[in-house]
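Each remark here refers to the structure printed beneath this line.
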Amino acid sequence: MVLLIQYTVIFASVLCLVALGGCFSEHSGVINLGLEGIMVMGALGGAVTMFLLPAGTSKIVIVVATTLAAILIGMIYSCLLAVASINFNADQTLIGTAMNLLATAAATVFVRAMNTSINPDNVSSTIQYIQEKKAFLKYVGKFEFNWFMLMAVILLVVSYFILYKTKFGLRLQACGENPQAADSVGINVYKMRWAGVLISGFLGGLGGIVYITAGVSEWKFEMGVAGFGFLALAVMIFGQWRPTKIALAALLFGLFRALSNVYTGIGFLAALHIPSTVYNMLPYIISIIVLAFTSKNSRAPKAEGIPYDKGMR
Amino acid sequence: MNEKAVKKNILKNPSFQAILTSLICIVIGLLIGYIVLLLINPAGAGEAIKTIILNFLSRSSSAAQMKALGNTMAKTAPLLMCALSICFCYKVGLFNIGAAGQYEAGACFGLYAALAWHMPWFVCLIVAAIAGAVIGAISGALKAYRNVNEVISGIMLNWIMLYLTNMMLNKVKDPTSPYTMKLSSTNKGALIPMAGLNTLFANNKTVTLAVPLAIIFAILIWVILSKTKFGYELKATGYNKEAAMYAGMKEKQNIIVTLAIGGALAGVGAAFLFLTGYQEWSTTQTSVPGMGFNGIAATFLGGLHPIGTIFASFFIQSITDGGALIDKSVYPSQISDLISSLIIYLCGFVLFFKHILNTAVSKRDTGGPNVNDVPVEPIADKDDKKEGGDK
């Protein structure tokens, strides 16, 4: 049971972080379908940092360096979306999709090239970080506390505060609802949208590294992040683009994702003899069902997905 | 003077512009790929990029070349079907990223019909089409009645279908390997007939009727979209759902039908690969097959035109196969995926390229007002209005 709670919390942290990222981007008016790719890039940045840090580095340095690397790479990668969709008015769905494919391909190429340069016989796309990962963990009884859980909670509170209690957050939301009106009162819509996308890169990159350290100690980058970025988008829609509801939605989805990791350890679930593939499918099935019931009265920002054109009124 | 006018006309011609912008995307994509190869190992980078571009031509003998070309053709057919699926839906304003899931459904039920029920090939083909259509229709119904974004439901269905396919095909797999049983030994009748095409490609038995059939499908889709009332209604729905509704079109039904057709195309695509015996389905695979995603690249590279898609599919498949030929001890074969995803990304800038082109042409052509500045392509290019934004 402790294991189930532990996995639920860590997966919920990932979903919450990434969904908040999507939330900032969409509130500024840009649909970020590239979150999946941003996660892969963040994961790559973090994993490579852990891999390169010399053995014996102090725990605090590992935690800080890995986190910062993931965030930085995530933000840099999100610039691809920002440039294309804000400055060049490109189709945001197309760019997001391209970013997802590009991230997996680029990460695989990078890791394989790195592995081969160290050992010519190693053509795998896997990075191991067994020792380094322990820096993030702290045992509270049987519960494996992960510093990332704390980060997720803090960032959730901060996001709520920024979105609703600061001038910046309210202006950001204005750009997603009615950019023309926002512009007419002197808000620079382009800058605001850039900010929204960069914040989503920040949170998406962090979510990526949390995901690949949740429960495993190595990652095969050919797999990308297995649709988790899109699950996060489902969480965001289910959470009606609001941080508090997103957190609750993330817990629900986290629970279903955690089940596939731990169901064998739970007496009555193991006794049901449901094939493991069913548990693997579960989060995706649930998200479709949930979306079917929540998308109808969507509270999506009104101007999301529409490139801002100053000349259009 | 006269010569100049002709030149201007060519530059303003929408199809010429589409081909030119696609070529720009390809060149930039390959260039970045080359730079990445240089960064990994400068010594063999030139040779590697040459192999990727030339693919089958890099083989030594002409027989080997024809055989390799045959392999590329055999895999172009399924890719073309996926690309057509995405192209068709995109013309109706739907981004069918679920083509990969519909492809999986086609593989799942097509192979199951062949291996468990011992059906002949054309029955398997129809089963695959229906399976794909059902999955597409689910996305469509969710979009039409529940307002679920088809991209998100598509991705979810991709993963659901992956696990479902693994589970289903596990029943007809070879006991000694994770792959499904070979059609050639289990049910020869399910193999798509070669109709003598194999002899053209140095007796490459994977070149079958699937290749010409895929091309016929491409022409069919082009005819439906541009020459029929049905296609016009679908495009109108994509252009403006409300307007289509007020004009008396059944917009909800149109969305479902579109994705069902898209799904059927992708499902047939899977049958075109797995019913040729080119490869078997691995029941332990943990990632969604790349065919559906490469289809996106082929669609946009083909200028969102069914006929252009034929050539684009061949190109994308050719660099993918070329990528598999490079020295794997030095360079990762995924470099081709990198190049094709870069091409998709660059396709997002197509409108911008066209804008530059038009500005350049009208600058040179100083006499008279530029009425024809924006390429006219009414419904197809719905993004036109986005052009000319503040730069």
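Chain labels A, B, ... are given in the sequence in which chains occur in the structure tokens; within each chain residues are numbered consecutively from 1, and ligands are likewise numbered from 1 in the order shown.
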
Please identify all polymer residues within 6 Å of region 177-186 of chain B, counting only C-alpha atoms, omitting same-chain residues fewer than 4 positions from it, and present them as a PDB file with N, CA and C atoms, in the first residue's frame.
```
ATOM      1  N   VAL B 172      -1.291 -15.702 -31.984  1.00  0.00           N
ATOM      2  CA  VAL B 172      -0.882 -16.300 -33.252  1.00  0.00           C
ATOM      3  C   VAL B 172       0.611 -16.116 -33.485  1.00  0.00           C
ATOM      4  N   LYS B 173       1.355 -16.026 -32.373  1.00  0.00           N
ATOM      5  CA  LYS B 173       2.784 -15.796 -32.574  1.00  0.00           C
ATOM      6  C   LYS B 173       3.540 -17.106 -32.683  1.00  0.00           C
ATOM      7  N   GLU B 280       7.283  -9.380 -39.785  1.00  0.00           N
ATOM      8  CA  GLU B 280       6.233  -9.867 -38.914  1.00  0.00           C
ATOM      9  C   GLU B 280       6.064  -8.868 -37.770  1.00  0.00           C
ATOM     10  N   TRP B 281       4.905  -8.926 -37.114  1.00  0.00           N
ATOM     11  CA  TRP B 281       4.667  -8.038 -35.972  1.00  0.00           C
ATOM     12  C   TRP B 281       5.367  -8.621 -34.748  1.00  0.00           C
ATOM     13  N   SER B 282       6.130  -7.761 -34.064  1.00  0.00           N
ATOM     14  CA  SER B 282       6.773  -8.203 -32.838  1.00  0.00           C
ATOM     15  C   SER B 282       5.833  -7.940 -31.667  1.00  0.00           C
ATOM     16  N   THR B 283       5.430  -9.015 -30.975  1.00  0.00           N
ATOM     17  CA  THR B 283       4.423  -8.853 -29.919  1.00  0.00           C
ATOM     18  C   THR B 283       5.013  -8.288 -28.624  1.00  0.00           C
TER      19      THR B 283
END
```

Exercise for review: Compile the residues of chain A that lie within 7 Å of chain B, evaluated using only C-alpha atoms, and express the compilation as a VMD selection string.
Suggested key: chain A and resid 87 to 91 94 to 95 98 to 99 101 to 102 105 to 106 108 to 109 112 to 113 120 223 230 277 281 284 288 291 to 292 295 to 296 309 to 310

Point to revise | Near-Ser159 (chain A) list (12 Å; only C-alpha atoms; drop same-chain fewer than 6 positions) as a ChimeraX atom specification | key: /A:16-24,151-153,165-166,168-169,196,199-200,202-203,241-244,246-247

Create the file for the chosen residues now, containing C-alpha atoms and written as a short mmCIF file (atom, residue, chain, number, x, y, z; two decimals), in the first residue's frame.
```cif
data_model
loop_
_atom_site.label_atom_id
_atom_site.label_comp_id
_atom_site.auth_asym_id
_atom_site.auth_seq_id
_atom_site.Cartn_x
_atom_site.Cartn_y
_atom_site.Cartn_z
CA CYS A 16 1.08 18.06 -12.27
CA LEU A 17 4.33 19.75 -13.32
CA VAL A 18 3.84 19.10 -17.01
CA ALA A 19 0.14 19.97 -16.94
CA LEU A 20 0.99 23.26 -15.22
CA GLY A 21 3.47 23.86 -18.01
CA GLY A 22 0.72 23.32 -20.55
CA CYS A 23 -1.51 25.56 -18.48
CA PHE A 24 0.89 28.53 -18.67
CA MET A 151 9.48 20.66 -5.80
CA ALA A 152 6.18 19.80 -7.45
CA VAL A 153 4.18 21.01 -4.46
CA LYS A 165 -2.23 37.05 -7.76
CA THR A 166 0.32 38.83 -9.88
CA PHE A 168 2.09 39.21 -14.87
CA GLY A 169 -0.25 36.23 -14.48
CA GLY A 196 4.15 31.44 -21.39
CA ILE A 199 7.54 28.64 -18.47
CA SER A 200 6.02 25.55 -20.05
CA PHE A 202 10.73 25.05 -17.56
CA LEU A 203 7.99 22.87 -16.06
CA TRP A 241 -6.81 24.94 -16.91
CA ARG A 242 -6.75 25.72 -13.15
CA PRO A 243 -3.80 24.80 -10.94
CA THR A 244 -5.82 23.49 -7.99
CA ILE A 246 -4.98 20.16 -12.12
CA ALA A 247 -3.34 18.92 -8.92
#
```

Practice item. Report as a PyMOL selection string: the residues of region 18-107 of chain A with a DSSP assignment of helix (DSSP H, G or I), based on the backbone of this structure. Key: chain A and resi 18-28+35-52+59-87+92-107

Exercise for review: Go ahead and compute the interatomic distance for CA of Phe201 (chain B) and CA of Met81 (chain B), in Å to one decimal.
Suggested key: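 Value for the CA of Phe201 (chain B)-CA of Met81 (chain B) distance: 21.5 Å.
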
Point to revise | Of the listed residues A:Val225, A:Ala214, A:Val30, A:Val278, that which approaches Lys302 (chain A) most closely, counting only C-alpha atoms | key: A:Val30

Point to revise | Selection near His118 (chain B), 9 Å with only C-alpha atoms, sequence-local residues under 4 positions removed, as a ChimeraX atom specification | key: /B:112-114,186-187,189-190

Writer output for current selection, N, CA and C atoms, as a PDB file, in the first residue's frame:
```
ATOM      1  N   TYR B 112      -4.599 -11.137 -37.742  1.00  0.00           N
ATOM      2  CA  TYR B 112      -5.379 -12.135 -37.016  1.00  0.00           C
ATOM      3  C   TYR B 112      -6.268 -12.905 -37.984  1.00  0.00           C
ATOM      4  N   ALA B 113      -6.870 -12.164 -38.921  1.00  0.00           N
ATOM      5  CA  ALA B 113      -7.728 -12.820 -39.918  1.00  0.00           C
ATOM      6  C   ALA B 113      -6.904 -13.786 -40.761  1.00  0.00           C
ATOM      7  N   ALA B 114      -5.663 -13.384 -41.052  1.00  0.00           N
ATOM      8  CA  ALA B 114      -4.824 -14.224 -41.910  1.00  0.00           C
ATOM      9  C   ALA B 114      -4.334 -15.468 -41.164  1.00  0.00           C
ATOM     10  N   THR B 186       2.297 -20.375 -42.979  1.00  0.00           N
ATOM     11  CA  THR B 186       1.019 -20.638 -42.323  1.00  0.00           C
ATOM     12  C   THR B 186      -0.165 -20.537 -43.282  1.00  0.00           C
ATOM     13  N   ASN B 187      -0.172 -19.432 -44.042  1.00  0.00           N
ATOM     14  CA  ASN B 187      -1.315 -19.192 -44.906  1.00  0.00           C
ATOM     15  C   ASN B 187      -0.856 -18.412 -46.128  1.00  0.00           C
ATOM     16  N   GLY B 189      -2.200 -18.006 -48.899  1.00  0.00           N
ATOM     17  CA  GLY B 189      -3.273 -17.279 -49.576  1.00  0.00           C
ATOM     18  C   GLY B 189      -3.446 -15.862 -49.063  1.00  0.00           C
ATOM     19  N   ALA B 190      -2.881 -15.575 -47.864  1.00  0.00           N
ATOM     20  CA  ALA B 190      -3.038 -14.244 -47.316  1.00  0.00           C
ATOM     21  C   ALA B 190      -1.981 -13.277 -47.828  1.00  0.00           C
TER      22      ALA B 190
END
```

**Study point:** CA of Lys133 (chain A) to CA of Ile154 (chain A), distance in Å rounded to a single decimal
**Key:** 20.9 Å

Find the residues near Val40 (chain A): any atom within 7 Å, counting only C-alpha atoms, skip ones fewer than 4 places away on the same chain, and give them as a short mmCIF file (atom, residue, chain, number, x, y, z; two decimals) with C-alpha atoms, in the first residue's frame.
```cif
data_model
loop_
_atom_site.label_atom_id
_atom_site.label_comp_id
_atom_site.auth_asym_id
_atom_site.auth_seq_id
_atom_site.Cartn_x
_atom_site.Cartn_y
_atom_site.Cartn_z
CA GLU A 36 6.06 15.33 -24.75
CA LEU A 44 17.96 13.88 -21.55
CA ALA A 103 13.04 15.15 -29.45
CA THR A 104 12.91 11.36 -29.46
CA GLY A 208 10.75 14.90 -17.86
CA GLY A 224 10.55 8.81 -25.58
CA VAL A 225 8.30 9.31 -22.56
#
```

Review point. So what do you get for CA of Lys252 (chain B) versus CA of Phe109 (chain B), distance-wise?
Key: 27.4 Å

Practice item. Please provide as a PyMOL selection string all residues within 12 Å of Lys142 (chain A), with the sequence filter that same-chain residues fewer than 5 positions apart are discarded (counting only C-alpha atoms). Key: chain A and resi 1-6+137

I need the chosen residues saved as a tab-separated table (two decimals), in the first residue's frame, with C-alpha atoms.
```tsv
chain	number	residue	atom	x	y	z
A	1	MET	CA	0.00	0.00	0.00
A	2	VAL	CA	2.83	2.36	0.86
A	3	LEU	CA	4.30	1.50	-2.50
A	4	LEU	CA	1.06	2.42	-4.26
A	5	ILE	CA	0.92	5.79	-2.49
A	6	GLN	CA	4.56	6.42	-3.26
A	137	LEU	CA	15.61	9.83	-2.25
```

**Study point:** All strand (DSSP E) positions in region 48-277 of chain A, as a PyMOL selection string
**Key:** chain A and resi 126-128+137-140+143-146+218-220

Practice item. Considering only C-alpha atoms, return as a list in words whatever protein or nucleic-acid residues lie within 8 Å of region 47-53 of chain A, sequence-local ones (same chain, fewer than 4 positions apart) excluded. Key: Ala43, Thr57, Ile62, Ala65, Thr66, Ala69, Ile127, Gln128, Tyr129, Glu132, Lys133 and Ile209 of chain A

Practice item. Measuring atom to atom with only C-alpha atoms, identify which of B:Ala298, B:Leu197, B:Val123, B:Ala218 is nearest to Leu111 (chain B). Key: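 Of all the options, B:Val123 lies closest to Leu111 (chain B).
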
Practice item. Find, counting only C-alpha atoms, the residue in B:Ala131, B:Leu30, B:Leu23, B:Cys87 that gets nearest to Thr309 (chain B). Key: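 For Thr309 (chain B), the nearest of the candidates is B:Cys87.
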